[in-house]
Amino acid sequence: MRPARYAPLPCCMYCLAAGMPRSEEHLIPQALGGRLTLRDAVCESCRRITGRYEQATLDREFLVPKTLLALKRRRARGKGPSRLPAVTLAGDDAPCTPTADDFPRTFSLAAFEPAGLLSGLDRSSAPPQADFVACRLNLGTPRRQTVAASTPLADPHAYATSIAKWAYALAVAQRGLDCCDTQPMRDLLLGRRHDVFAFVGAPSPRAGASREWLHDFALREHGSWLTVSLALFACAGMTPFEVVIGRLSAPAA
Ligand SMILES: [Zn+2]
């Protein structure tokens with residue numbers, strides 16, 4: 001992702017409260033290779049709420065790419081790998097603990113149909129069908145090629161809400177807290193509403209991503225909506241998400 005510096009925020013980006021101590025927020029988690037941060041961005045209470053589903057998602061759906069990036073960082077520091085997590089490889093029934101050389105470079109990430117607010121379909125009850133996209137991160141030269149088994153999405157809500165959180169942080173970094181009506185998105189991220197698939201899905205119409213960067217994003221004005229097209233693991237072949245951030249205010253008459 002292109003480097004940039006962002007000004008500190010005047011209040012918490014989730015509850016908008018000012019005056020209490022706030023900590024920085026990564027736009028994309030450091031564990032996924034994100035290096036950009038927003039300063040003074042999140043109060044302790046909101047950090048606890050949003051950190052819970054994000055950490056669960058990083059430890060589950062993003063376990064393989066997260067571990068590959070950690071292995072790359074350790075190699076760059078000249079240190080050997082510490083204990084690696086167990087993963088189930090394609091064709092196996094039970095998880096095993098591969099070595100650093102055997103750790104799978106090929107994994108899958110879930111994608112969904114376009115967000116309900118963009119497609120006009122009601123996504124408030126059941127989560128839409130997940131579509132697993134095969135991704136491959138070419139880091140290092142493994143002695144043996146192994147492939148992580150595609151796992152059913154244990155918690156589609158937490159996974160999609162984490163993607164919404166990262167997209168929201170990118171929108172705030174680029175356009176500030178006044179970028180659009182952020183109330184519904186902030187309610188979603190703080191667990192006050194549960195229709196995440198109204199907000200998160202594939203780009204509509206479907207679009208590919210440049211494979212130049214690990215992650216990339218672009219803000220779009222999609223009718224009356226501000227959206228973020230978020231290409232996570234674009235260089236690994238993952239298809240982008242499009243996240244509705246909120247309704248753009250009507251142009252002044
Ligand atoms: Zn807060």
# chains A, B, ... in the order shown; residues from 1 in each chain; ligands from 1

$ residues_near_ligand --ligand "ligand 1" --cutoff "12 Å" --atoms "only C-alpha atoms and all ligand atoms" --output "ChimeraX atom specification"
/A:9-25,40-50,186-187,189-190

$ write_last_selection --atoms "N, CA and C atoms" --output "short mmCIF file (atom, residue, chain, number, x, y, z; two decimals), in the first residue's frame"
data_model
loop_
_atom_site.label_atom_id
_atom_site.label_comp_id
_atom_site.auth_asym_id
_atom_site.auth_seq_id
_atom_site.Cartn_x
_atom_site.Cartn_y
_atom_site.Cartn_z
N LEU A 9 -6.64 12.35 15.06
CA LEU A 9 -8.08 12.61 15.03
C LEU A 9 -8.49 13.44 16.26
N PRO A 10 -9.55 14.25 16.13
CA PRO A 10 -10.00 15.07 17.27
C PRO A 10 -10.83 14.28 18.29
N CYS A 11 -11.28 13.08 17.93
CA CYS A 11 -12.11 12.29 18.86
C CYS A 11 -12.01 10.83 18.45
N CYS A 12 -12.63 9.96 19.25
CA CYS A 12 -12.63 8.53 18.94
C CYS A 12 -13.39 8.31 17.62
N MET A 13 -12.83 7.54 16.72
CA MET A 13 -13.45 7.34 15.40
C MET A 13 -14.68 6.46 15.45
N TYR A 14 -14.93 5.78 16.59
CA TYR A 14 -16.09 4.90 16.69
C TYR A 14 -17.23 5.54 17.48
N CYS A 15 -16.94 6.12 18.67
CA CYS A 15 -18.02 6.69 19.50
C CYS A 15 -18.03 8.21 19.42
N LEU A 16 -17.03 8.82 18.78
CA LEU A 16 -16.91 10.27 18.58
C LEU A 16 -16.72 11.04 19.89
N ALA A 17 -16.44 10.32 20.99
CA ALA A 17 -16.19 11.03 22.25
C ALA A 17 -14.79 11.63 22.22
N ALA A 18 -14.68 12.85 22.72
CA ALA A 18 -13.38 13.52 22.79
C ALA A 18 -12.98 13.62 24.26
N GLY A 19 -11.77 13.96 24.51
CA GLY A 19 -11.37 14.30 25.88
C GLY A 19 -10.74 13.17 26.66
N MET A 20 -11.04 11.90 26.32
CA MET A 20 -10.39 10.83 27.07
C MET A 20 -9.15 10.36 26.31
N PRO A 21 -8.24 9.64 27.02
CA PRO A 21 -7.04 9.16 26.32
C PRO A 21 -7.43 8.23 25.17
N ARG A 22 -6.74 8.38 24.08
CA ARG A 22 -7.02 7.53 22.92
C ARG A 22 -5.71 6.98 22.38
N SER A 23 -5.79 5.81 21.78
CA SER A 23 -4.58 5.21 21.22
C SER A 23 -4.68 5.17 19.70
N GLU A 24 -3.58 4.78 19.08
CA GLU A 24 -3.55 4.78 17.62
C GLU A 24 -4.28 3.55 17.09
N GLU A 25 -4.70 3.63 15.85
CA GLU A 25 -5.41 2.53 15.20
C GLU A 25 -4.71 2.24 13.88
N ASP A 40 -4.35 9.00 17.85
CA ASP A 40 -5.44 9.47 18.74
C ASP A 40 -6.80 9.03 18.21
N ALA A 41 -6.90 7.78 17.78
CA ALA A 41 -8.06 7.38 16.98
C ALA A 41 -9.11 6.58 17.74
N VAL A 42 -8.73 5.89 18.83
CA VAL A 42 -9.70 4.97 19.43
C VAL A 42 -9.60 5.01 20.96
N CYS A 43 -10.77 5.14 21.62
CA CYS A 43 -10.80 5.15 23.08
C CYS A 43 -10.72 3.71 23.57
N GLU A 44 -10.45 3.54 24.85
CA GLU A 44 -10.20 2.21 25.40
C GLU A 44 -11.44 1.31 25.25
N SER A 45 -12.61 1.89 25.52
CA SER A 45 -13.84 1.09 25.45
C SER A 45 -14.07 0.58 24.02
N CYS A 46 -13.92 1.45 23.04
CA CYS A 46 -14.14 1.03 21.65
C CYS A 46 -13.05 0.07 21.18
N ARG A 47 -11.84 0.25 21.70
CA ARG A 47 -10.76 -0.67 21.33
C ARG A 47 -11.09 -2.09 21.79
N ARG A 48 -11.67 -2.20 23.00
CA ARG A 48 -12.02 -3.52 23.52
C ARG A 48 -13.09 -4.17 22.64
N ILE A 49 -14.12 -3.39 22.29
CA ILE A 49 -15.24 -3.95 21.51
C ILE A 49 -14.76 -4.36 20.11
N THR A 50 -14.06 -3.46 19.43
CA THR A 50 -13.69 -3.74 18.03
C THR A 50 -12.54 -4.74 17.96
N ARG A 186 -20.70 3.05 12.22
CA ARG A 186 -20.14 3.03 13.57
C ARG A 186 -20.99 2.15 14.49
N ASP A 187 -22.31 2.17 14.31
CA ASP A 187 -23.19 1.28 15.09
C ASP A 187 -22.84 -0.19 14.80
N LEU A 189 -19.93 -1.40 13.78
CA LEU A 189 -18.61 -1.76 14.31
C LEU A 189 -18.62 -1.88 15.84
N LEU A 190 -19.57 -1.19 16.49
CA LEU A 190 -19.66 -1.27 17.95
C LEU A 190 -20.69 -2.31 18.40
#

$ select_by_dssp --residues "stretch 157-251 of chain A" --states "helix (DSSP H, G or I)" --output "ChimeraX atom specification"
/A:157-175,183-189,196-198,234-236

$ closest_residue --among "A:Trp225, A:Phe62, A:Phe197, A:Phe233" --to "A:Cys179" --atoms "only C-alpha atoms"
A:Trp225

$ closest_residue --among "A:Lys79, A:Arg52, A:Arg35, A:Arg211" --to "A:Leu232" --atoms "only C-alpha atoms"
A:Arg211

$ select_by_dssp --residues "stretch 10-238 of chain A" --states "strand (DSSP E)" --output "PyMOL selection string"
chain A and resi 22-26+37-43+106-111+131-136+200-201+216-222+225-231

$ write_last_selection --atoms "N, CA and C atoms" --output "compact mmCIF listing (two decimals), in the first residue's frame"
# COMPACT_ATOMS: atom_id res chain seq x y z
N ARG A 22 -6.74 8.38 24.08
CA ARG A 22 -7.02 7.53 22.92
C ARG A 22 -5.71 6.98 22.38
N SER A 23 -5.79 5.81 21.78
CA SER A 23 -4.58 5.21 21.22
C SER A 23 -4.68 5.17 19.70
N GLU A 24 -3.58 4.78 19.08
CA GLU A 24 -3.55 4.78 17.62
C GLU A 24 -4.28 3.55 17.09
N GLU A 25 -4.70 3.63 15.85
CA GLU A 25 -5.41 2.53 15.20
C GLU A 25 -4.71 2.24 13.88
N HIS A 26 -4.41 0.96 13.67
CA HIS A 26 -3.85 0.57 12.38
C HIS A 26 -4.96 0.54 11.34
N THR A 37 -1.00 4.12 10.32
CA THR A 37 -1.80 4.26 11.53
C THR A 37 -2.47 5.62 11.56
N LEU A 38 -3.59 5.67 12.28
CA LEU A 38 -4.27 6.93 12.62
C LEU A 38 -3.96 7.19 14.09
N ARG A 39 -3.47 8.38 14.38
CA ARG A 39 -3.12 8.70 15.78
C ARG A 39 -4.34 9.22 16.54
N ASP A 40 -4.35 9.00 17.85
CA ASP A 40 -5.44 9.47 18.74
C ASP A 40 -6.80 9.03 18.21
N ALA A 41 -6.90 7.78 17.78
CA ALA A 41 -8.06 7.38 16.98
C ALA A 41 -9.11 6.58 17.74
N VAL A 42 -8.73 5.89 18.83
CA VAL A 42 -9.70 4.97 19.43
C VAL A 42 -9.60 5.01 20.96
N CYS A 43 -10.77 5.14 21.62
CA CYS A 43 -10.80 5.15 23.08
C CYS A 43 -10.72 3.71 23.57
N THR A 106 -0.31 -21.48 -0.15
CA THR A 106 -1.61 -21.39 -0.83
C THR A 106 -2.72 -21.59 0.19
N PHE A 107 -3.67 -20.69 0.19
CA PHE A 107 -4.75 -20.71 1.18
C PHE A 107 -5.98 -20.12 0.51
N SER A 108 -7.10 -20.08 1.21
CA SER A 108 -8.26 -19.46 0.58
C SER A 108 -8.89 -18.45 1.53
N LEU A 109 -9.47 -17.43 0.95
CA LEU A 109 -10.18 -16.39 1.70
C LEU A 109 -11.59 -16.30 1.14
N ALA A 110 -12.55 -15.96 2.02
CA ALA A 110 -13.95 -15.92 1.60
C ALA A 110 -14.31 -14.56 1.00
N ALA A 111 -15.09 -14.62 -0.08
CA ALA A 111 -15.66 -13.43 -0.71
C ALA A 111 -17.18 -13.62 -0.71
N ASP A 131 -17.87 -17.48 -1.06
CA ASP A 131 -17.22 -17.96 -2.27
C ASP A 131 -15.73 -17.97 -1.93
N PHE A 132 -15.09 -19.15 -1.91
CA PHE A 132 -13.69 -19.19 -1.47
C PHE A 132 -12.75 -18.96 -2.65
N VAL A 133 -11.84 -18.00 -2.49
CA VAL A 133 -10.91 -17.63 -3.54
C VAL A 133 -9.54 -18.18 -3.17
N ALA A 134 -8.94 -18.94 -4.09
CA ALA A 134 -7.60 -19.49 -3.84
C ALA A 134 -6.58 -18.37 -3.96
N CYS A 135 -5.73 -18.24 -2.95
CA CYS A 135 -4.72 -17.18 -2.91
C CYS A 135 -3.35 -17.83 -2.71
N ARG A 136 -2.34 -17.17 -3.22
CA ARG A 136 -0.99 -17.71 -3.06
C ARG A 136 -0.01 -16.57 -2.79
N VAL A 200 -20.99 -5.05 3.48
CA VAL A 200 -19.77 -5.71 2.99
C VAL A 200 -20.10 -6.72 1.91
N GLY A 201 -19.37 -6.67 0.81
CA GLY A 201 -19.54 -7.67 -0.24
C GLY A 201 -18.51 -7.47 -1.32
N ASP A 216 -4.44 -2.99 -1.29
CA ASP A 216 -4.67 -1.71 -1.94
C ASP A 216 -6.12 -1.31 -1.68
N PHE A 217 -6.41 -0.05 -1.85
CA PHE A 217 -7.80 0.39 -1.64
C PHE A 217 -8.06 1.64 -2.47
N ALA A 218 -9.33 1.93 -2.69
CA ALA A 218 -9.73 3.17 -3.37
C ALA A 218 -11.09 3.58 -2.82
N LEU A 219 -11.28 4.89 -2.64
CA LEU A 219 -12.60 5.39 -2.26
C LEU A 219 -13.41 5.60 -3.52
N ARG A 220 -14.71 5.26 -3.46
CA ARG A 220 -15.57 5.43 -4.63
C ARG A 220 -16.86 6.09 -4.20
N GLU A 221 -17.44 6.85 -5.11
CA GLU A 221 -18.78 7.35 -4.87
C GLU A 221 -19.71 6.53 -5.74
N HIS A 222 -20.53 5.75 -5.07
CA HIS A 222 -21.36 4.76 -5.74
C HIS A 222 -22.80 5.22 -5.57
N TRP A 225 -23.85 6.59 -2.17
CA TRP A 225 -23.02 5.96 -1.13
C TRP A 225 -21.54 6.25 -1.33
N LEU A 226 -20.85 6.45 -0.21
CA LEU A 226 -19.39 6.43 -0.23
C LEU A 226 -18.98 4.99 0.07
N THR A 227 -18.17 4.42 -0.80
CA THR A 227 -17.71 3.04 -0.58
C THR A 227 -16.19 2.99 -0.62
N VAL A 228 -15.64 1.94 -0.03
CA VAL A 228 -14.20 1.67 -0.14
C VAL A 228 -14.04 0.34 -0.84
N SER A 229 -13.31 0.38 -1.94
CA SER A 229 -12.94 -0.87 -2.60
C SER A 229 -11.64 -1.31 -1.95
N LEU A 230 -11.69 -2.45 -1.26
CA LEU A 230 -10.55 -2.90 -0.44
C LEU A 230 -10.01 -4.20 -1.02
N ALA A 231 -8.79 -4.12 -1.53
CA ALA A 231 -8.15 -5.30 -2.11
C ALA A 231 -7.11 -5.81 -1.11

$ closest_residue --among "A:Arg247, A:Gly237, A:His157, A:Phe112" --to "A:Gln183" --atoms "only C-alpha atoms"
A:Arg247

$ closest_residue --among "A:Ile163, A:Leu58, A:Leu63, A:Ala100" --to "A:Val196" --atoms "only C-alpha atoms"
A:Ile163

$ residues_around --residues "A:Leu69" --least-positions-apart "5" --cutoff "9 Å" --atoms "only C-alpha atoms" --output "list in words"
Ala31, Leu32, Gly33, Val64, Arg74 and Leu139 of chain A

$ atom_distance --atom1 "atom CA of A:Pro29" --atom2 "atom CA of A:Ala126"
27.6 Å

$ atom_distance --atom1 "atom CA of A:Val147" --atom2 "atom CA of A:Ala94"
13.7 Å

$ residues_around --residues "A:Ala202" --least-positions-apart "3" --cutoff "10 Å" --atoms "only C-alpha atoms" --output "count of residues only"
16

$ atom_distance --atom1 "atom CA of A:Met185" --atom2 "atom CA of A:Ala167"
10.3 Å

$ closest_residue --among "A:Ser119, A:Arg192, A:Ala76, A:Leu71" --to "A:Asp101" --atoms "only C-alpha atoms"
A:Leu71
